[in-house]
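Source file: model-v5.cif; contents: mmCIF, C-alpha atoms.
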data_query
#
loop_
_atom_site.label_atom_id
_atom_site.label_comp_id
_atom_site.auth_asym_id
_atom_site.auth_seq_id
_atom_site.Cartn_x
_atom_site.Cartn_y
_atom_site.Cartn_z
CA MET A 267 0.49 -6.34 24.02
CA ALA A 268 -2.83 -7.16 22.38
CA ASN A 269 -5.09 -9.69 24.04
CA ILE A 270 -5.07 -12.88 22.02
CA MET A 271 -8.85 -13.20 22.31
CA GLN A 272 -9.11 -10.03 20.23
CA LEU A 273 -7.37 -11.76 17.37
CA ASP A 274 -9.49 -12.99 14.49
CA PRO A 275 -8.51 -16.65 14.05
CA SER A 276 -9.62 -16.45 10.42
CA ALA A 277 -7.34 -13.49 9.66
CA SER A 278 -4.25 -15.54 8.90
CA PRO A 279 -2.64 -18.91 9.67
CA LEU A 280 -0.46 -17.16 12.27
CA ASP A 281 -3.48 -15.66 14.03
CA TYR A 282 -5.24 -19.01 14.04
CA TYR A 283 -2.16 -20.74 15.45
CA GLY A 284 -1.91 -18.21 18.30
CA TRP A 285 -5.63 -18.37 19.01
CA GLU A 286 -5.56 -22.18 19.19
CA LEU A 287 -2.47 -22.16 21.40
CA ARG A 288 -4.09 -19.97 24.02
CA ARG A 289 -7.39 -21.83 23.84
CA LEU A 290 -5.74 -25.22 24.39
CA ARG A 291 -3.28 -23.96 26.99
CA GLU A 292 -6.12 -22.53 29.05
CA ALA A 293 -8.19 -25.70 28.53
CA HIS A 294 -5.33 -27.58 30.22
CA GLY A 295 -5.28 -25.08 33.09
CA LEU A 296 -1.74 -23.95 32.33
CA LYS A 297 -0.26 -20.49 32.66
CA GLN A 298 2.22 -19.33 30.04
CA GLN A 299 5.15 -19.88 32.40
CA GLN A 300 3.97 -23.40 33.26
CA LEU A 301 3.69 -24.38 29.60
CA GLY A 302 7.03 -22.73 28.91
CA ASP A 303 8.65 -24.84 31.62
CA ILE A 304 7.22 -28.00 30.06
CA ILE A 305 8.45 -27.27 26.54
CA PHE A 306 11.71 -25.55 27.59
CA CYS A 307 11.01 -21.98 26.51
CA SER A 308 10.11 -18.67 28.15
CA ALA A 309 6.65 -17.46 29.07
CA SER A 310 7.42 -14.44 26.91
CA LEU A 311 7.82 -16.63 23.82
CA ILE A 312 4.51 -18.37 24.54
CA GLY A 313 2.85 -14.96 24.87
CA GLN A 314 4.38 -13.62 21.66
CA VAL A 315 3.21 -16.64 19.68
CA GLU A 316 -0.26 -16.41 21.22
CA CYS A 317 -0.45 -12.77 20.17
CA ALA A 318 0.81 -13.52 16.64
CA LYS A 319 3.92 -11.46 17.30
CA LYS A 320 6.37 -14.34 16.85
CA ILE A 321 6.64 -17.02 14.17
CA PRO A 322 6.61 -20.51 15.74
CA THR A 323 9.21 -23.04 14.63
CA ARG A 324 8.55 -26.66 13.76
CA GLU A 325 10.43 -27.84 16.86
CA PHE A 326 8.33 -25.54 19.06
CA SER A 327 5.18 -26.94 17.44
CA GLU A 328 6.21 -30.55 17.98
CA ARG A 329 6.87 -29.82 21.66
CA LEU A 330 3.44 -28.21 21.97
CA ASP A 331 1.78 -31.28 20.48
CA ALA A 332 3.59 -33.51 22.96
CA ALA A 333 2.82 -31.29 25.94
CA LEU A 334 -0.83 -30.64 25.11
CA GLY A 335 -1.66 -33.99 23.54
CA THR A 336 -2.97 -32.36 20.37
CA ASP A 337 -2.31 -35.26 17.99
CA GLY A 338 -0.04 -33.28 15.66
CA LEU A 339 -2.30 -30.21 15.37
CA PHE A 340 0.45 -27.63 15.75
CA SER A 341 2.88 -29.63 13.63
CA ARG A 342 0.33 -29.47 10.83
CA LEU A 343 -0.52 -25.81 11.39
CA VAL A 344 3.09 -24.64 11.41
CA GLY A 345 3.52 -25.61 7.76
CA LEU A 346 0.68 -23.26 6.83
CA VAL A 347 2.05 -20.55 9.10
CA LEU A 348 5.53 -20.71 7.60
CA ARG A 349 4.26 -20.80 4.03
CA SER A 350 2.20 -17.69 4.77
CA GLN A 351 5.43 -15.85 5.60
CA LEU A 352 6.61 -16.14 2.01
CA PRO A 353 6.10 -13.07 -0.20
CA ALA A 354 2.55 -13.00 -1.55
CA TRP A 355 3.79 -13.22 -5.12
CA PHE A 356 5.81 -16.36 -4.31
CA GLN A 357 3.15 -18.29 -2.39
CA PRO A 358 1.33 -19.69 -5.47
CA TYR A 359 4.60 -21.14 -6.74
CA ALA A 360 5.45 -22.64 -3.34
CA GLN A 361 2.05 -24.33 -3.27
CA MET A 362 2.64 -25.86 -6.72
CA GLU A 363 6.22 -26.83 -5.85
CA ALA A 364 4.91 -28.72 -2.82
CA ILE A 365 2.71 -31.00 -4.96
CA ALA A 366 4.95 -31.40 -8.01
CA THR A 367 6.14 -34.87 -8.94
CA TYR A 368 9.11 -33.65 -10.98
CA ILE A 369 11.15 -30.46 -10.60
CA SER A 370 13.80 -29.35 -13.06
CA THR A 371 15.63 -26.08 -12.54
CA PHE A 372 18.48 -24.12 -14.09
CA GLN A 373 20.09 -21.51 -11.84
CA THR A 374 22.58 -18.91 -13.02
CA GLN A 375 23.15 -16.81 -9.90
CA LEU A 376 22.35 -18.74 -6.74
CA VAL A 377 22.04 -22.22 -5.31
CA TYR A 378 18.47 -23.42 -5.82
CA GLY A 379 16.31 -22.62 -2.78
CA LEU A 380 15.61 -26.26 -1.91
CA LEU A 381 19.37 -26.88 -1.73
CA GLN A 382 20.44 -23.86 0.31
CA THR A 383 21.88 -24.16 3.79
CA GLU A 384 20.28 -21.98 6.44
CA GLU A 385 23.22 -19.59 6.67
CA TYR A 386 23.50 -19.27 2.88
CA ALA A 387 19.76 -18.62 2.66
CA ARG A 388 20.02 -16.00 5.40
CA ALA A 389 22.71 -14.13 3.45
CA VAL A 390 20.64 -14.29 0.25
CA LEU A 391 17.40 -13.15 1.87
CA ALA A 392 19.10 -10.33 3.76
CA THR A 393 20.01 -8.63 0.47
CA GLY A 394 16.33 -7.78 0.03
CA MET A 395 16.30 -5.95 3.39
CA PRO A 396 13.07 -7.67 4.51
CA ASP A 397 11.02 -6.57 7.50
CA ASP A 398 10.99 -10.11 8.88
CA LEU A 399 14.15 -11.94 7.88
CA GLU A 400 13.60 -14.72 10.41
CA GLY A 401 10.11 -15.45 9.09
CA LEU A 402 11.32 -15.61 5.50
CA LEU A 403 14.23 -17.82 6.50
CA ALA A 404 11.99 -20.23 8.40
CA ALA A 405 9.66 -20.38 5.42
CA ARG A 406 12.50 -21.22 3.05
CA MET A 407 13.76 -23.97 5.31
CA GLU A 408 10.22 -25.34 5.55
CA ARG A 409 10.04 -25.60 1.75
CA GLN A 410 12.94 -28.01 1.83
CA ARG A 411 10.89 -30.58 3.74
CA ILE A 412 9.48 -31.82 0.44
CA LEU A 413 12.85 -33.45 -0.23
CA THR A 414 12.58 -35.55 2.94
CA ARG A 415 9.05 -36.81 2.44
CA GLU A 416 8.43 -40.53 2.11
CA ARG A 417 7.84 -39.96 -1.60
CA PRO A 418 9.61 -36.74 -2.56
CA PRO A 419 9.51 -35.28 -6.05
CA LEU A 420 12.16 -36.30 -8.53
CA ALA A 421 14.32 -33.18 -8.81
CA TRP A 422 17.12 -32.16 -11.14
CA ALA A 423 19.15 -28.99 -10.70
CA VAL A 424 21.65 -27.57 -13.17
CA LEU A 425 23.80 -24.83 -11.62
CA ASP A 426 25.94 -22.46 -13.62
CA GLU A 427 29.54 -22.69 -12.43
CA ALA A 428 29.29 -19.02 -11.43
CA VAL A 429 27.04 -20.13 -8.58
CA LEU A 430 29.97 -22.00 -7.04
CA HIS A 431 32.33 -19.04 -7.24
CA ARG A 432 30.05 -16.27 -5.95
CA PRO A 433 30.98 -15.99 -2.22
CA ILE A 434 27.54 -15.56 -0.69
CA GLY A 435 27.92 -15.06 3.05
CA GLY A 436 31.70 -15.39 3.00
CA ARG A 437 34.25 -18.18 2.80
CA GLU A 438 32.99 -20.44 5.59
CA VAL A 439 29.35 -20.16 4.56
CA MET A 440 30.25 -21.08 0.99
CA ARG A 441 32.40 -23.99 2.05
CA ARG A 442 29.54 -25.47 4.06
CA GLN A 443 27.10 -24.75 1.23
CA LEU A 444 29.21 -26.60 -1.32
CA ALA A 445 29.73 -29.44 1.15
CA HIS A 446 25.95 -29.62 1.47
CA LEU A 447 25.60 -29.91 -2.30
CA LEU A 448 27.99 -32.84 -2.22
CA THR A 449 25.68 -34.71 0.16
CA PHE A 450 23.32 -35.12 -2.78
CA ALA A 451 25.91 -36.92 -4.90
CA ASP A 452 24.27 -40.28 -4.22
CA HIS A 453 20.78 -39.01 -3.48
CA ARG A 454 18.02 -41.13 -4.96
CA TRP A 455 15.64 -38.29 -5.82
CA MET A 456 17.83 -35.21 -6.33
CA ARG A 457 20.50 -34.85 -9.00
CA ILE A 458 22.87 -31.89 -9.41
CA GLN A 459 24.84 -30.95 -12.51
CA VAL A 460 27.13 -27.98 -13.12
CA LEU A 461 27.28 -26.06 -16.39
CA PRO A 462 30.98 -25.21 -16.63
CA PHE A 463 32.38 -21.88 -17.80
CA GLU A 464 34.07 -23.67 -20.68
CA ALA A 465 30.65 -24.44 -22.17
CA GLY A 466 30.57 -20.86 -23.42
CA GLU A 467 27.27 -19.74 -24.92
CA HIS A 468 24.35 -22.01 -24.10
CA ALA A 469 20.60 -22.42 -24.55
CA SER A 470 19.55 -20.39 -21.49
CA LEU A 471 21.71 -17.30 -21.52
CA ALA A 472 18.48 -15.39 -20.85
CA GLY A 473 18.50 -16.60 -17.26
CA SER A 474 17.19 -19.02 -14.64
CA PHE A 475 13.93 -20.93 -14.81
CA THR A 476 12.18 -23.86 -13.16
CA ALA A 477 9.74 -26.37 -14.62
CA LEU A 478 7.23 -28.30 -12.52
CA ARG A 479 5.49 -31.49 -13.61
CA PHE A 480 2.42 -33.03 -11.98
CA ASP A 481 0.52 -36.31 -12.10
CA ASP A 482 -2.79 -34.84 -13.23
CA ASP A 483 -2.18 -31.18 -14.07
CA PRO A 484 -0.41 -29.34 -16.91
CA ASP A 485 3.30 -28.61 -16.60
CA ILE A 486 4.26 -25.16 -15.32
CA VAL A 487 7.26 -22.96 -16.05
CA TYR A 488 8.34 -20.45 -13.40
CA THR A 489 10.65 -17.45 -13.81
CA GLU A 490 11.48 -14.42 -11.68
CA ASP A 491 12.27 -10.81 -12.38
CA ILE A 492 13.62 -8.22 -9.98
CA ILE A 493 10.39 -7.84 -7.99
CA SER A 494 8.12 -10.84 -8.62
CA GLY A 495 7.67 -14.32 -10.05
CA HIS A 496 5.73 -15.57 -13.03
CA MET A 497 4.12 -18.96 -13.66
CA THR A 498 2.67 -20.15 -16.94
CA ALA A 499 1.17 -23.35 -18.29
CA ASN A 500 1.19 -22.05 -21.86
CA PRO A 501 2.01 -25.14 -23.97
CA ASP A 502 4.37 -23.23 -26.28
CA THR A 503 6.31 -21.79 -23.36
CA VAL A 504 6.46 -25.16 -21.59
CA ARG A 505 7.71 -26.82 -24.78
CA GLU A 506 10.35 -24.15 -25.35
CA ALA A 507 11.54 -24.40 -21.73
CA ALA A 508 11.78 -28.19 -21.98
CA LEU A 509 13.87 -27.89 -25.15
CA ARG A 510 16.20 -25.34 -23.60
CA TYR A 511 16.55 -27.38 -20.42
CA SER A 512 17.43 -30.49 -22.42
CA HIS A 513 20.18 -28.57 -24.21
CA VAL A 514 21.54 -27.09 -20.97
CA GLN A 515 21.47 -30.48 -19.28
CA ALA A 516 23.28 -32.11 -22.20
CA THR A 517 25.95 -29.39 -22.15
CA ALA A 518 26.49 -29.63 -18.38
CA LEU A 519 28.99 -31.93 -16.73
CA SER A 520 27.80 -35.36 -15.66
CA VAL A 521 26.56 -35.78 -12.11
CA GLU A 522 29.86 -37.40 -11.15
CA ASP A 523 32.06 -34.78 -12.84
CA SER A 524 29.87 -32.03 -11.37
CA ALA A 525 30.48 -33.37 -7.86
CA ALA A 526 34.22 -33.43 -8.58
CA LEU A 527 34.13 -29.80 -9.72
CA ILE A 528 32.12 -28.74 -6.67
CA ALA A 529 34.65 -30.47 -4.41
CA ARG A 530 37.56 -28.85 -6.22
CA VAL A 531 36.09 -25.34 -5.98
CA MET A 532 35.26 -25.96 -2.32
CA GLU A 533 38.88 -26.78 -1.52
CA GLU A 534 40.67 -24.36 -3.84
CA ARG A 535 38.44 -21.31 -3.33
CA TYR A 536 36.99 -21.82 0.13
CA GLY A 537 39.49 -24.10 1.82
CA ASP A 538 41.77 -23.21 4.71
CA PRO A 539 43.91 -20.28 3.44
CA SER A 540 46.77 -21.42 5.67
#
Is it possible to give me this structure as structure tokens?
Amino acid sequence: MANIMQLDPSASPLDYYGWELRRLREAHGLKQQQLGDIIFCSASLIGQVECAKKIPTREFSERLDAALGTDGLFSRLVGLVLRSQLPAWFQPYAQMEAIATYISTFQTQLVYGLLQTEEYARAVLATGMPDDLEGLLAARMERQRILTRERPPLAWAVLDEAVLHRPIGGREVMRRQLAHLLTFADHRWMRIQVLPFEAGEHASLAGSFTALRFDDDPDIVYTEDIISGHMTANPDTVREAALRYSHVQATALSVEDSAALIARVMEERYGDPS
């Protein structure tokens, strides 16, 4: 195992996190096992994080801050660490998503990332056969923290009904995922609508897209293809996306009727088969 002091703390957020952890642990005169005992983890885990071999979790970071009296240092750093685990092509979007004041998205295949349960997200991410599934999963869950901020963005998601019927992860995973969607039925900042099959042809048959709005910056439209994502602030594209989203939203079921449909699919398709 590489010595942590050989790490370049400027190489990446993960390297900096590990470097700071060892520096502060040693400043407190603690061995890895002693710190592990304090924060209820193994010395091996401490060593792996210090050597940038393991991605720290938010809970781990909060325990470090409490044990080492670091005034939230590791809780702040872990957000950067987790974001750095996202694919390089996705990181610019995640940075913009984190500062957006309004998010509107139309999804044809999957539940929107900010609304995915951990087990649903795991099943989705595993299809890409990533080298570090756990890192990607932790990063996706970290993205969702924007919805729990004191002032979260206003967000509106329209899901094609196909999203509800595609059994990602199996019956139980889907049941819990749809139940999670229902928890947003009375949410102040997030609204969910479903575009039903009976709508037929609609304004976004070409696929999914997301629009971000900001207080002081131009609107952005984000789309993905099979290997990467694309952002643009081109006014014509933004205007066309807004028009298409308005049509899709108008064609979708109301928020209340959408919740009723989600609940019905949850029971009829993913309920107890007995």
Residue with the minimum atom-to-atom distance to Gln375 in chain A, picked from A:Leu471, A:Ala526, A:Ala428, A:Leu287 with only C-alpha atoms counted, is A:Ala428
Near range 355-360 of chain A, 12 Å: range 403-473 of chain A residue rows, closest pairs, all atoms listed in the file, as JSON lines:
{"residue": "A:Ala405", "atom": "CA", "partner": "A:Ala360", "partner_atom": "CA", "distance": 10.0}
{"residue": "A:Arg406", "atom": "CA", "partner": "A:Ala360", "partner_atom": "CA", "distance": 9.6}
{"residue": "A:Glu408", "atom": "CA", "partner": "A:Ala360", "partner_atom": "CA", "distance": 10.4}
{"residue": "A:Arg409", "atom": "CA", "partner": "A:Ala360", "partner_atom": "CA", "distance": 7.5}
{"residue": "A:Gln410", "atom": "CA", "partner": "A:Ala360", "partner_atom": "CA", "distance": 10.6}
{"residue": "A:Arg411", "atom": "CA", "partner": "A:Ala360", "partner_atom": "CA", "distance": 11.9}
{"residue": "A:Ile412", "atom": "CA", "partner": "A:Ala360", "partner_atom": "CA", "distance": 10.7}
Just checking: using only C-alpha atoms, which residue out of A:Leu403, A:Ile369, A:Met532, A:Val344 ends up closest to Val315 in chain A?
A:Val344
Care to translate the PyMOL selection byres ((chain A and resi 475-483) around 7) into actual residues of this file, as a PyMOL selection string?
chain A and resi 363+366-373+473-474+484-489
Considering all atoms listed in the file, return as a list in words whatever protein or nucleic-acid residues lie within 10 Å of Val514 in chain A, sequence-local ones (same chain, fewer than 6 positions apart) excluded.
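Skipping anything fewer than 6 positions along the chain leaves Phe372, Val424, Leu425, Asp426, Gln459, Val460, Leu461, Ala465, His468, Ala469, Ser470, Leu471 and Ala508 of chain A.
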